[in-house]
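J.: What follows is the file data_17.cif, containing mmCIF, C-alpha atoms:
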```
data_query
loop_
_atom_site.label_atom_id
_atom_site.label_comp_id
_atom_site.auth_asym_id
_atom_site.auth_seq_id
_atom_site.Cartn_x
_atom_site.Cartn_y
_atom_site.Cartn_z
CA MET R 1101 139.20 126.12 -79.94
CA HIS R 1102 140.70 123.01 -78.33
CA ALA R 1103 138.54 119.88 -78.41
CA GLN R 1104 138.44 119.80 -74.62
CA ASN R 1105 137.10 123.35 -74.41
CA GLN R 1106 134.48 122.56 -77.04
CA SER R 1107 133.27 119.62 -75.01
CA LEU R 1108 133.09 121.86 -71.90
CA LEU R 1109 131.17 124.53 -73.82
CA ASP R 1110 128.76 121.88 -75.11
CA ALA R 1111 128.05 120.72 -71.54
CA LEU R 1112 127.56 124.30 -70.34
CA ASN R 1113 125.24 125.18 -73.23
CA ALA R 1114 123.21 122.00 -72.79
CA CYS R 1115 122.82 122.83 -69.10
CA ILE R 1116 121.68 126.40 -69.83
CA ALA R 1117 119.02 125.15 -72.24
CA ALA R 1118 117.87 122.41 -69.86
CA CYS R 1119 117.56 124.87 -66.95
CA GLU R 1120 115.63 127.41 -69.02
CA HIS R 1121 113.31 124.72 -70.34
CA CYS R 1122 112.86 123.23 -66.86
CA ALA R 1123 111.95 126.59 -65.30
CA THR R 1124 109.35 127.27 -67.99
CA ALA R 1125 107.88 123.77 -67.64
CA CYS R 1126 107.84 124.02 -63.83
CA LEU R 1127 105.81 127.24 -64.13
CA GLN R 1128 103.20 125.31 -66.12
CA GLU R 1129 102.82 122.50 -63.58
CA ASP R 1130 99.60 122.26 -61.56
CA ASP R 1131 101.49 122.46 -58.29
CA VAL R 1132 103.90 125.32 -59.02
CA LYS R 1133 104.54 125.85 -55.33
CA MET R 1134 106.25 122.47 -55.07
CA MET R 1135 108.58 123.58 -57.88
CA ALA R 1136 109.54 126.97 -56.42
CA ARG R 1137 113.03 125.96 -55.28
CA CYS R 1138 113.64 124.17 -58.56
CA ILE R 1139 112.73 127.33 -60.52
CA SER R 1140 115.02 129.44 -58.31
CA LEU R 1141 117.97 127.12 -58.82
CA ASP R 1142 117.27 126.87 -62.56
CA ARG R 1143 117.61 130.66 -62.78
CA ASP R 1144 120.91 130.71 -60.89
CA CYS R 1145 122.32 127.71 -62.70
CA ALA R 1146 121.51 129.02 -66.19
CA ASP R 1147 123.03 132.42 -65.36
CA VAL R 1148 126.22 131.04 -63.82
CA CYS R 1149 126.68 128.54 -66.69
CA ALA R 1150 126.17 131.36 -69.21
CA LEU R 1151 128.89 133.53 -67.69
CA THR R 1152 131.22 130.54 -67.34
CA ALA R 1153 130.75 129.66 -71.02
CA ARG R 1154 131.63 133.22 -72.04
CA LEU R 1155 134.82 133.26 -69.94
CA VAL R 1156 135.88 129.83 -71.20
CA ALA R 1157 135.24 130.78 -74.84
CA ARG R 1158 137.31 133.94 -74.52
CA GLY R 1159 140.15 132.22 -72.69
CA SER R 1160 139.82 134.45 -69.64
CA GLU R 1161 142.27 134.13 -66.77
CA HIS R 1162 139.21 134.24 -64.49
CA ALA R 1163 137.53 131.21 -66.08
CA ALA R 1164 138.93 128.76 -63.50
CA HIS R 1165 137.26 130.52 -60.57
CA LEU R 1166 133.94 130.46 -62.32
CA LEU R 1167 134.31 126.79 -63.21
CA ARG R 1168 134.58 125.97 -59.50
CA GLU R 1169 131.49 128.00 -58.63
CA CYS R 1170 129.62 126.66 -61.66
CA ALA R 1171 130.23 123.07 -60.54
CA GLU R 1172 128.71 123.93 -57.13
CA VAL R 1173 125.61 125.54 -58.61
CA CYS R 1174 125.14 122.66 -61.07
CA LYS R 1175 125.34 120.21 -58.17
CA ALA R 1176 122.72 122.14 -56.15
CA CYS R 1177 120.36 122.46 -59.12
CA GLY R 1178 120.84 118.85 -60.22
CA ASP R 1179 120.20 117.52 -56.70
CA GLU R 1180 116.94 119.46 -56.48
CA CYS R 1181 115.77 118.43 -59.95
CA ALA R 1182 116.62 114.78 -59.29
CA GLN R 1183 114.05 114.70 -56.50
CA HIS R 1184 111.16 115.40 -58.88
CA THR R 1185 111.12 111.87 -60.25
CA HIS R 1186 107.77 112.17 -62.05
CA MET R 1187 108.72 115.17 -64.16
CA PRO R 1188 110.63 114.51 -67.38
CA HIS R 1189 111.87 118.13 -67.60
CA CYS R 1190 113.40 117.85 -64.12
CA GLN R 1191 114.99 114.50 -64.91
CA ALA R 1192 116.47 115.90 -68.12
CA CYS R 1193 117.73 118.95 -66.23
CA ALA R 1194 119.23 116.81 -63.46
CA GLU R 1195 121.17 114.84 -66.07
CA ALA R 1196 122.38 117.99 -67.87
CA CYS R 1197 123.47 119.49 -64.53
CA ARG R 1198 125.32 116.32 -63.56
CA ARG R 1199 127.21 116.24 -66.87
CA CYS R 1200 127.99 119.94 -66.66
CA GLU R 1201 129.26 119.64 -63.09
CA GLU R 1202 131.57 116.84 -64.22
CA ALA R 1203 132.76 118.83 -67.25
CA CYS R 1204 133.51 121.85 -65.03
CA ARG R 1205 135.55 119.73 -62.63
CA GLN R 1206 137.49 118.21 -65.52
CA GLY R 1207 138.04 121.70 -66.91
CA LEU R 1208 139.45 122.75 -63.54
CA GLN R 1209 141.96 119.91 -63.52
CA ALA R 1210 143.10 120.86 -67.02
CA ALA R 1211 143.43 124.57 -66.17
CA MET H 249 128.62 159.47 -69.92
CA HIS H 250 125.97 162.03 -70.86
CA ALA H 251 123.41 162.87 -68.16
CA GLN H 252 120.61 161.53 -70.35
CA ASN H 253 122.30 158.16 -70.74
CA GLN H 254 122.92 157.97 -67.00
CA SER H 255 119.24 158.54 -66.35
CA LEU H 256 118.36 155.81 -68.87
CA LEU H 257 120.85 153.41 -67.26
CA ASP H 258 119.38 154.18 -63.83
CA ALA H 259 115.88 153.30 -65.07
CA LEU H 260 117.13 150.08 -66.68
CA ASN H 261 119.06 149.01 -63.59
CA ALA H 262 116.13 149.80 -61.29
CA CYS H 263 113.89 147.70 -63.53
CA ILE H 264 116.31 144.75 -63.52
CA ALA H 265 116.46 144.78 -59.71
CA ALA H 266 112.67 145.14 -59.36
CA CYS H 267 112.03 142.23 -61.75
CA GLU H 268 114.53 139.97 -60.00
CA HIS H 269 113.10 140.84 -56.60
CA CYS H 270 109.53 140.40 -57.87
CA ALA H 271 110.25 136.94 -59.32
CA THR H 272 111.82 135.77 -56.07
CA ALA H 273 108.94 137.18 -54.01
CA CYS H 274 106.35 135.64 -56.36
CA LEU H 275 107.97 132.24 -55.85
CA GLN H 276 107.41 132.64 -52.09
CA GLU H 277 103.70 133.48 -52.37
CA ASP H 278 101.12 130.93 -51.20
CA ASP H 279 99.47 130.84 -54.59
CA VAL H 280 102.51 130.60 -56.87
CA LYS H 281 100.40 129.36 -59.76
CA MET H 282 98.61 132.71 -59.97
CA MET H 283 102.02 134.37 -60.33
CA ALA H 284 103.38 132.10 -63.08
CA ARG H 285 102.97 134.59 -65.92
CA CYS H 286 104.39 137.35 -63.75
CA ILE H 287 107.50 135.27 -63.03
CA SER H 288 107.93 134.47 -66.73
CA LEU H 289 107.73 138.11 -67.73
CA ASP H 290 110.05 139.13 -64.90
CA ARG H 291 112.70 136.79 -66.32
CA ASP H 292 112.36 138.17 -69.85
CA CYS H 293 112.20 141.77 -68.71
CA ALA H 294 115.28 141.56 -66.49
CA ASP H 295 117.28 139.85 -69.25
CA VAL H 296 116.27 142.29 -72.00
CA CYS H 297 116.90 145.31 -69.73
CA ALA H 298 120.33 143.90 -68.83
CA LEU H 299 121.41 143.58 -72.46
CA THR H 300 119.99 147.00 -73.29
CA ALA H 301 121.94 148.60 -70.44
CA ARG H 302 125.17 147.02 -71.69
CA LEU H 303 124.65 148.26 -75.25
CA VAL H 304 123.72 151.76 -74.06
CA ALA H 305 126.73 151.96 -71.74
CA ARG H 306 129.11 150.95 -74.51
CA GLY H 307 127.57 153.32 -77.06
CA SER H 308 126.67 150.48 -79.43
CA GLU H 309 125.15 151.24 -82.82
CA HIS H 310 122.67 148.46 -82.04
CA ALA H 311 121.39 150.06 -78.84
CA ALA H 312 118.43 151.75 -80.54
CA HIS H 313 116.91 148.48 -81.73
CA LEU H 314 117.14 147.03 -78.26
CA LEU H 315 115.58 150.13 -76.71
CA ARG H 316 112.49 149.58 -78.84
CA GLU H 317 112.21 145.92 -77.87
CA CYS H 318 112.99 146.73 -74.23
CA ALA H 319 110.12 149.23 -74.09
CA GLU H 320 107.76 146.49 -75.35
CA VAL H 321 108.89 143.92 -72.80
CA CYS H 322 108.70 146.50 -69.99
CA LYS H 323 105.14 147.32 -71.02
CA ALA H 324 104.11 143.65 -71.03
CA CYS H 325 105.74 142.96 -67.66
CA GLY H 326 104.42 146.17 -66.09
CA ASP H 327 100.86 145.47 -67.30
CA GLU H 328 100.94 141.99 -65.76
CA CYS H 329 102.44 143.18 -62.47
CA ALA H 330 99.94 146.05 -62.21
CA GLN H 331 97.09 143.52 -62.02
CA HIS H 332 98.39 142.05 -58.75
CA THR H 333 97.14 144.95 -56.67
CA HIS H 334 97.61 143.27 -53.29
CA MET H 335 101.28 142.49 -53.73
CA PRO H 336 103.76 145.26 -52.93
CA HIS H 337 106.57 143.60 -54.94
CA CYS H 338 104.35 143.53 -58.04
CA GLN H 339 103.30 147.15 -57.55
CA ALA H 340 106.93 148.22 -57.16
CA CYS H 341 107.86 146.22 -60.24
CA ALA H 342 104.98 147.70 -62.27
CA GLU H 343 106.19 151.19 -61.40
CA ALA H 344 109.84 150.37 -62.27
CA CYS H 345 108.70 148.85 -65.59
CA ARG H 346 106.57 151.90 -66.41
CA ARG H 347 109.48 154.27 -65.74
CA CYS H 348 111.89 152.11 -67.70
CA GLU H 349 109.51 151.89 -70.66
CA GLU H 350 109.26 155.68 -70.67
CA ALA H 351 113.04 156.09 -70.39
CA CYS H 352 113.56 153.69 -73.32
CA ARG H 353 111.10 155.61 -75.49
CA GLN H 354 112.84 158.89 -74.61
CA GLY H 355 116.18 157.28 -75.39
CA LEU H 356 114.84 156.28 -78.79
CA GLN H 357 113.79 159.82 -79.63
CA ALA H 358 117.24 161.10 -78.66
CA ALA H 359 119.04 158.44 -80.71
CA MET L 504 115.40 145.91 -50.97
CA HIS L 505 117.59 146.70 -47.97
CA ALA L 506 119.56 149.95 -48.14
CA GLN L 507 122.83 148.02 -47.98
CA ASN L 508 121.91 145.88 -50.98
CA GLN L 509 120.89 148.97 -52.93
CA SER L 510 124.26 150.54 -52.26
CA LEU L 511 125.99 147.33 -53.40
CA LEU L 512 123.87 147.21 -56.57
CA ASP L 513 124.70 150.87 -57.26
CA ALA L 514 128.44 150.11 -57.03
CA LEU L 515 128.08 147.06 -59.29
CA ASN L 516 126.03 148.94 -61.88
CA ALA L 517 128.43 151.90 -61.87
CA CYS L 518 131.32 149.49 -62.42
CA ILE L 519 129.56 147.76 -65.33
CA ALA L 520 128.93 151.09 -67.06
CA ALA L 521 132.49 152.31 -66.42
CA CYS L 522 133.99 149.09 -67.82
CA GLU L 523 131.80 149.17 -70.92
CA HIS L 524 132.59 152.83 -71.51
CA CYS L 525 136.31 152.25 -70.90
CA ALA L 526 136.49 149.35 -73.36
CA THR L 527 134.79 151.39 -76.07
CA ALA L 528 137.05 154.40 -75.42
CA CYS L 529 140.18 152.19 -75.37
CA LEU L 530 139.22 150.86 -78.81
CA GLN L 531 139.22 154.45 -80.12
CA GLU L 532 142.69 155.32 -78.77
CA ASP L 533 145.54 155.77 -81.23
CA ASP L 534 147.60 153.07 -79.56
CA VAL L 535 144.99 150.36 -79.10
CA LYS L 536 147.66 147.71 -78.60
CA MET L 537 148.75 149.32 -75.34
CA MET L 538 145.14 149.02 -74.14
CA ALA L 539 144.62 145.35 -75.06
CA ARG L 540 144.87 144.00 -71.52
CA CYS L 541 142.67 146.80 -70.25
CA ILE L 542 139.97 145.92 -72.80
CA SER L 543 140.18 142.22 -71.88
CA LEU L 544 139.76 142.93 -68.18
CA ASP L 545 136.95 145.42 -68.88
CA ARG L 546 135.03 142.61 -70.61
CA ASP L 547 135.53 140.17 -67.75
CA CYS L 548 134.80 142.73 -65.06
CA ALA L 549 131.58 143.98 -66.66
CA ASP L 550 130.33 140.41 -67.15
CA VAL L 551 131.16 139.24 -63.62
CA CYS L 552 129.65 142.39 -62.08
CA ALA L 553 126.49 141.89 -64.16
CA LEU L 554 125.97 138.34 -62.92
CA THR L 555 126.75 139.35 -59.35
CA ALA L 556 124.19 142.16 -59.50
CA ARG L 557 121.52 139.73 -60.72
CA LEU L 558 122.22 137.23 -57.94
CA VAL L 559 122.26 139.95 -55.27
CA ALA L 560 119.01 141.48 -56.55
CA ARG L 561 117.25 138.12 -56.46
CA GLY L 562 118.60 137.19 -53.03
CA SER L 563 120.33 134.07 -54.33
CA GLU L 564 122.06 131.73 -51.92
CA HIS L 565 124.95 131.72 -54.42
CA ALA L 566 125.46 135.50 -54.30
CA ALA L 567 128.21 135.33 -51.67
CA HIS L 568 130.48 133.17 -53.84
CA LEU L 569 130.12 135.56 -56.72
CA LEU L 570 130.82 138.56 -54.49
CA ARG L 571 134.21 137.07 -53.60
CA GLU L 572 135.09 136.43 -57.25
CA CYS L 573 133.72 139.82 -58.28
CA ALA L 574 135.99 141.59 -55.79
CA GLU L 575 138.99 139.79 -57.33
CA VAL L 576 138.09 140.72 -60.90
CA CYS L 577 137.40 144.34 -59.90
CA LYS L 578 140.82 144.50 -58.26
CA ALA L 579 142.57 143.12 -61.36
CA CYS L 580 140.69 145.48 -63.70
CA GLY L 581 141.14 148.49 -61.43
CA ASP L 582 144.88 147.87 -61.05
CA GLU L 583 145.32 147.71 -64.82
CA CYS L 584 143.21 150.82 -65.47
CA ALA L 585 145.02 152.78 -62.76
CA GLN L 586 148.28 152.45 -64.72
CA HIS L 587 146.91 154.44 -67.66
CA THR L 588 147.28 157.76 -65.88
CA HIS L 589 146.74 159.93 -68.97
CA MET L 590 143.37 158.47 -69.90
CA PRO L 591 140.30 159.84 -68.14
CA HIS L 592 138.17 156.79 -69.04
CA CYS L 593 140.73 154.48 -67.41
CA GLN L 594 140.95 156.68 -64.31
CA ALA L 595 137.16 156.73 -64.01
CA CYS L 596 137.06 152.96 -64.47
CA ALA L 597 139.81 152.41 -61.89
CA GLU L 598 137.80 154.42 -59.36
CA ALA L 599 134.55 152.55 -60.14
CA CYS L 600 136.37 149.22 -59.82
CA ARG L 601 137.94 150.23 -56.49
CA ARG L 602 134.55 151.25 -55.08
CA CYS L 603 132.90 148.09 -56.38
CA GLU L 604 135.62 145.88 -54.92
CA GLU L 605 135.08 147.55 -51.55
CA ALA L 606 131.30 147.19 -51.79
CA CYS L 607 131.64 143.48 -52.65
CA ARG L 608 133.90 142.89 -49.64
CA GLN L 609 131.46 144.72 -47.37
CA GLY L 610 128.63 142.66 -48.85
CA LEU L 611 130.56 139.52 -48.02
CA GLN L 612 130.96 140.50 -44.38
CA ALA L 613 127.23 141.20 -44.13
CA ALA L 614 126.26 137.90 -45.76
CA MET P 31 113.18 120.67 -77.12
CA HIS P 32 112.14 120.46 -80.78
CA ALA P 33 114.88 119.49 -83.24
CA GLN P 34 114.52 122.84 -85.02
CA ASN P 35 115.08 124.79 -81.82
CA GLN P 36 118.10 122.66 -80.98
CA SER P 37 119.63 123.46 -84.34
CA LEU P 38 118.96 127.17 -83.77
CA LEU P 39 120.52 127.01 -80.30
CA ASP P 40 123.55 125.24 -81.75
CA ALA P 41 124.05 128.03 -84.29
CA LEU P 42 123.64 130.72 -81.62
CA ASN P 43 126.07 129.01 -79.24
CA ALA P 44 128.64 128.46 -81.99
CA CYS P 45 128.38 132.14 -82.90
CA ILE P 46 128.86 133.26 -79.29
CA ALA P 47 132.00 131.15 -78.94
CA ALA P 48 133.38 132.30 -82.31
CA CYS P 49 132.81 135.98 -81.43
CA GLU P 50 134.43 135.64 -78.01
CA HIS P 51 137.40 133.79 -79.49
CA CYS P 52 137.71 136.31 -82.34
CA ALA P 53 137.70 139.31 -79.95
CA THR P 54 140.42 137.76 -77.82
CA ALA P 55 142.52 136.85 -80.88
CA CYS P 56 142.02 140.34 -82.39
CA LEU P 57 143.37 141.87 -79.16
CA GLN P 58 146.56 139.81 -79.63
CA GLU P 59 147.20 140.93 -83.22
CA ASP P 60 150.11 143.27 -83.95
CA ASP P 61 147.83 145.85 -85.51
CA VAL P 62 145.00 145.94 -82.96
CA LYS P 63 143.79 149.29 -84.24
CA MET P 64 142.79 147.73 -87.56
CA MET P 65 140.65 145.25 -85.59
CA ALA P 66 138.85 147.80 -83.39
CA ARG P 67 135.53 147.66 -85.24
CA CYS P 68 135.71 143.87 -85.40
CA ILE P 69 136.19 143.69 -81.62
CA SER P 70 133.26 146.06 -81.04
CA LEU P 71 130.94 144.02 -83.22
CA ASP P 72 132.14 140.77 -81.65
CA ARG P 73 131.05 142.12 -78.24
CA ASP P 74 127.61 143.14 -79.48
CA CYS P 75 127.08 139.96 -81.47
CA ALA P 76 128.04 137.62 -78.62
CA ASP P 77 125.78 139.50 -76.20
CA VAL P 78 122.76 139.60 -78.52
CA CYS P 79 123.17 135.92 -79.45
CA ALA P 80 123.42 135.01 -75.76
CA LEU P 81 120.14 136.73 -74.89
CA THR P 82 118.44 135.28 -77.97
CA ALA P 83 119.54 131.76 -77.00
CA ARG P 84 118.09 132.21 -73.51
CA LEU P 85 114.72 133.43 -74.83
CA VAL P 86 114.54 130.63 -77.41
CA ALA P 87 115.43 127.96 -74.84
CA ARG P 88 112.72 129.18 -72.44
CA GLY P 89 110.09 129.47 -75.17
CA SER P 90 109.60 133.19 -74.55
CA GLU P 91 106.91 135.08 -76.44
CA HIS P 92 109.57 137.76 -77.00
CA ALA P 93 112.01 135.41 -78.75
CA ALA P 94 110.83 136.34 -82.24
CA HIS P 95 111.72 140.03 -81.83
CA LEU P 96 115.18 139.13 -80.66
CA LEU P 97 115.68 136.70 -83.54
CA ARG P 98 115.11 139.56 -85.99
CA GLU P 99 117.60 141.82 -84.22
CA CYS P 100 120.07 138.97 -83.78
CA ALA P 101 120.06 138.28 -87.52
CA GLU P 102 120.94 141.95 -88.14
CA VAL P 103 123.81 141.98 -85.66
CA CYS P 104 125.16 138.68 -87.01
CA LYS P 105 125.10 140.14 -90.51
CA ALA P 106 126.99 143.28 -89.41
CA CYS P 107 129.59 141.28 -87.49
CA GLY P 108 129.99 138.67 -90.21
CA ASP P 109 130.44 141.33 -92.91
CA GLU P 110 133.19 143.02 -90.91
CA CYS P 111 134.97 139.77 -90.08
CA ALA P 112 134.79 138.60 -93.70
CA GLN P 113 136.97 141.56 -94.73
CA HIS P 114 139.92 140.34 -92.67
CA THR P 115 140.85 137.63 -95.14
CA HIS P 116 144.26 136.86 -93.65
CA MET P 117 143.02 136.09 -90.16
CA PRO P 118 141.69 132.58 -89.51
CA HIS P 119 139.78 133.68 -86.38
CA CYS P 120 137.92 136.33 -88.39
CA GLN P 121 137.15 133.87 -91.17
CA ALA P 122 135.83 131.34 -88.67
CA CYS P 123 133.76 134.04 -87.01
CA ALA P 124 132.39 135.27 -90.34
CA GLU P 125 131.23 131.74 -91.13
CA ALA P 126 129.64 131.25 -87.68
CA CYS P 127 127.86 134.62 -88.01
CA ARG P 128 126.57 133.74 -91.48
CA ARG P 129 125.19 130.41 -90.27
CA CYS P 130 123.66 132.01 -87.21
CA GLU P 131 122.03 134.77 -89.27
CA GLU P 132 120.49 132.10 -91.51
CA ALA P 133 119.30 130.05 -88.51
CA CYS P 134 117.70 133.16 -86.96
CA ARG P 135 115.84 133.96 -90.19
CA GLN P 136 114.62 130.35 -90.44
CA GLY P 137 113.55 130.51 -86.80
CA LEU P 138 111.56 133.64 -87.59
CA GLN P 139 109.68 131.95 -90.41
CA ALA P 140 108.82 129.03 -88.14
CA ALA P 141 107.64 131.31 -85.31
#
```
Take the structure in this file and express it as structure tokens.
T.:
Amino acid sequence: MHAQNQSLLDALNACIAACEHCATACLQEDDVKMMARCISLDRDCADVCALTARLVARGSEHAAHLLRECAEVCKACGDECAQHTHMPHCQACAEACRRCEEACRQGLQAA
Amino acid sequence: MHAQNQSLLDALNACIAACEHCATACLQEDDVKMMARCISLDRDCADVCALTARLVARGSEHAAHLLRECAEVCKACGDECAQHTHMPHCQACAEACRRCEEACRQGLQAA
Amino acid sequence: MHAQNQSLLDALNACIAACEHCATACLQEDDVKMMARCISLDRDCADVCALTARLVARGSEHAAHLLRECAEVCKACGDECAQHTHMPHCQACAEACRRCEEACRQGLQAA
Amino acid sequence: MHAQNQSLLDALNACIAACEHCATACLQEDDVKMMARCISLDRDCADVCALTARLVARGSEHAAHLLRECAEVCKACGDECAQHTHMPHCQACAEACRRCEEACRQGLQAA
């Protein structure tokens, strides 16, 4: 595994874990309704990151297309999470999404 | 593909779709908080069914273990959904979970 | 679930099962080396179809992007499988990929 | 995320990447037939680890059952890979599987 790919996988895996944790924590908030869009995007983002990580790890010729889509989903999820300024799980998720989006875009340039 | 496996795959795929649809619909309810456990179990159930379907389709030697666990998760998710008697998406999901649990147990006996 | 989405999910699920079955059968052929690219594409195609099915079932706003990518991967996998004219599992997989590609493109037009 | 869970997730993610890389490298070997069982187990192991990581990250009540199954699949895959002593990708995968199996068993004791 090249060092660059490992760093991309680390960002993807951190984003998956942050999205899963954020969705679970959102479901335990008093006002779950306010978190509905955040939970929806967490689901999508974790799933798209998970597939992207698999394709990157196996050196798939289709990895580049997923990296582009993954960056978009990370941006959407991170933007939503960033708005929930009082919730540590959303702030942590926003940061993980932002780093993952950046790692995906760097991965695209290298591909 | 044997007919029995196809019928098991159909039950698993129907359960995945019902759980995904149920989670999305729960997130659009007025009282999302009441649906929090349902959403959590929908996530687990869809994910476990999805892995089980893959292992069954590929004829994996590890499919049997997943069938047992899948039946348990389907039961837990179906029991929760069944309690939300006024919500059609929960009733549909409860029925899909019940059928999938039964199909998994039949698959276990055949294995 | 709209009838059109159900038909799309059916095509995706049939393609996943055909790819998984094809990969397993390829690994049991006498000349596995000749099947290496087929196995690789089976892995990618099954994984991309699986994510696409999840996003379609949950009504994700990101489903359309995955449908486009999924059609591409189905085409690549189907083209490879179609070349192995003496292997029933490859012929079945090529047909499932062709139908799934078509269903994804129809899904895109409807989106 | 507790430190213990992070260490478990790290072991699961390292195992997924090692299995994916090993399967791809096995498919490029001259004697692919000799690697057929290794490739099959790599597929199962990566898939089971991926689901387990998701359930652990979201704090699912079903994580413990998957940890038990995951440890079994890691053991099977690691034992197979360990036999291919001349192939660096198999040796790396055997080591990642062994560490992941151990992390899963420790996670079970903590659960």
J.: The PyMOL selection byres ((chain L) within 10 of (chain H)) on the file shown: which residues, as a PyMOL selection string?
T.: chain L and resi 504+509+512-513+516-517+519-528+549-550+553-554+556-563+592
J.: Could you take the residues named above and write them with C-alpha atoms, as a compact mmCIF listing (two decimals), keeping the file's coordinate frame?
T.:
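What follows is the written file again_20.txt:
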```
# COMPACT_ATOMS: atom_id res chain seq x y z
CA MET L 504 115.40 145.91 -50.97
CA GLN L 509 120.89 148.97 -52.93
CA LEU L 512 123.87 147.21 -56.57
CA ASP L 513 124.70 150.87 -57.26
CA ASN L 516 126.03 148.94 -61.88
CA ALA L 517 128.43 151.90 -61.87
CA ILE L 519 129.56 147.76 -65.33
CA ALA L 520 128.93 151.09 -67.06
CA ALA L 521 132.49 152.31 -66.42
CA CYS L 522 133.99 149.09 -67.82
CA GLU L 523 131.80 149.17 -70.92
CA HIS L 524 132.59 152.83 -71.51
CA CYS L 525 136.31 152.25 -70.90
CA ALA L 526 136.49 149.35 -73.36
CA THR L 527 134.79 151.39 -76.07
CA ALA L 528 137.05 154.40 -75.42
CA ALA L 549 131.58 143.98 -66.66
CA ASP L 550 130.33 140.41 -67.15
CA ALA L 553 126.49 141.89 -64.16
CA LEU L 554 125.97 138.34 -62.92
CA ALA L 556 124.19 142.16 -59.50
CA ARG L 557 121.52 139.73 -60.72
CA LEU L 558 122.22 137.23 -57.94
CA VAL L 559 122.26 139.95 -55.27
CA ALA L 560 119.01 141.48 -56.55
CA ARG L 561 117.25 138.12 -56.46
CA GLY L 562 118.60 137.19 -53.03
CA SER L 563 120.33 134.07 -54.33
CA HIS L 592 138.17 156.79 -69.04
```
J.: Would you be able to write out as a list in words which residues have an atom within 10 Å of (132.9, 129.4, -59.2) in the file's coordinates, counting only C-alpha atoms?
T.: Val1148, Cys1149, Thr1152, His1162, Ala1163, Ala1164, His1165, Leu1166, Leu1167, Arg1168, Glu1169, Cys1170, Ala1171, Glu1172, Val1173 and Cys1204 of chain R; His565, His568, Leu569, Arg571 and Glu572 of chain L
J.: For the selection you just gave me, I'd like the residues written to a file as a CSV table (one decimal), keeping the file's coordinate frame, keeping C-alpha atoms.
T.:
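Dumped everything to result-v5.csv:
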```csv
chain,number,residue,atom,x,y,z
R,1148,VAL,CA,126.2,131.0,-63.8
R,1149,CYS,CA,126.7,128.5,-66.7
R,1152,THR,CA,131.2,130.5,-67.3
R,1162,HIS,CA,139.2,134.2,-64.5
R,1163,ALA,CA,137.5,131.2,-66.1
R,1164,ALA,CA,138.9,128.8,-63.5
R,1165,HIS,CA,137.3,130.5,-60.6
R,1166,LEU,CA,133.9,130.5,-62.3
R,1167,LEU,CA,134.3,126.8,-63.2
R,1168,ARG,CA,134.6,126.0,-59.5
R,1169,GLU,CA,131.5,128.0,-58.6
R,1170,CYS,CA,129.6,126.7,-61.7
R,1171,ALA,CA,130.2,123.1,-60.5
R,1172,GLU,CA,128.7,123.9,-57.1
R,1173,VAL,CA,125.6,125.5,-58.6
R,1204,CYS,CA,133.5,121.8,-65.0
L,565,HIS,CA,125.0,131.7,-54.4
L,568,HIS,CA,130.5,133.2,-53.8
L,569,LEU,CA,130.1,135.6,-56.7
L,571,ARG,CA,134.2,137.1,-53.6
L,572,GLU,CA,135.1,136.4,-57.2
```
J.: Using atom CA of Ala1194 of chain R and atom CA of Cys1138 of chain R as the two end points, give the distance in Å to one decimal.
T.: 10.5 Å
J.: State, in Å with one decimal place, the distance from atom CA of Gln531 of chain L to atom CA of Gln58 of chain P.
T.: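 Atom CA of Gln58 of chain P lies at a distance of 16.4 Å from atom CA of Gln531 of chain L.
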J.: How would you write, as a PDB file with C-alpha atoms, in the frame of the given file, the residues chosen by the PyMOL selection byres ((chain R and resi 1179) around 10) on this structure?
T.:
```pdb
ATOM      1  CA  CYS R1138     113.640 124.170 -58.560  1.00  0.00           C
ATOM      2  CA  VAL R1173     125.610 125.540 -58.610  1.00  0.00           C
ATOM      3  CA  CYS R1174     125.140 122.660 -61.070  1.00  0.00           C
ATOM      4  CA  LYS R1175     125.340 120.210 -58.170  1.00  0.00           C
ATOM      5  CA  ALA R1176     122.720 122.140 -56.150  1.00  0.00           C
ATOM      6  CA  CYS R1177     120.360 122.460 -59.120  1.00  0.00           C
ATOM      7  CA  GLY R1178     120.840 118.850 -60.220  1.00  0.00           C
ATOM      8  CA  GLU R1180     116.940 119.460 -56.480  1.00  0.00           C
ATOM      9  CA  CYS R1181     115.770 118.430 -59.950  1.00  0.00           C
ATOM     10  CA  ALA R1182     116.620 114.780 -59.290  1.00  0.00           C
ATOM     11  CA  GLN R1183     114.050 114.700 -56.500  1.00  0.00           C
ATOM     12  CA  HIS R1184     111.160 115.400 -58.880  1.00  0.00           C
ATOM     13  CA  CYS R1193     117.730 118.950 -66.230  1.00  0.00           C
ATOM     14  CA  ALA R1194     119.230 116.810 -63.460  1.00  0.00           C
ATOM     15  CA  GLU R1195     121.170 114.840 -66.070  1.00  0.00           C
ATOM     16  CA  CYS R1197     123.470 119.490 -64.530  1.00  0.00           C
ATOM     17  CA  ARG R1198     125.320 116.320 -63.560  1.00  0.00           C
TER      18      ARG R1198
END
```
J.: Atom CA of Ala1111 of chain R and atom CA of Arg1199 of chain R are how many Å apart?
T.: 6.5 Å
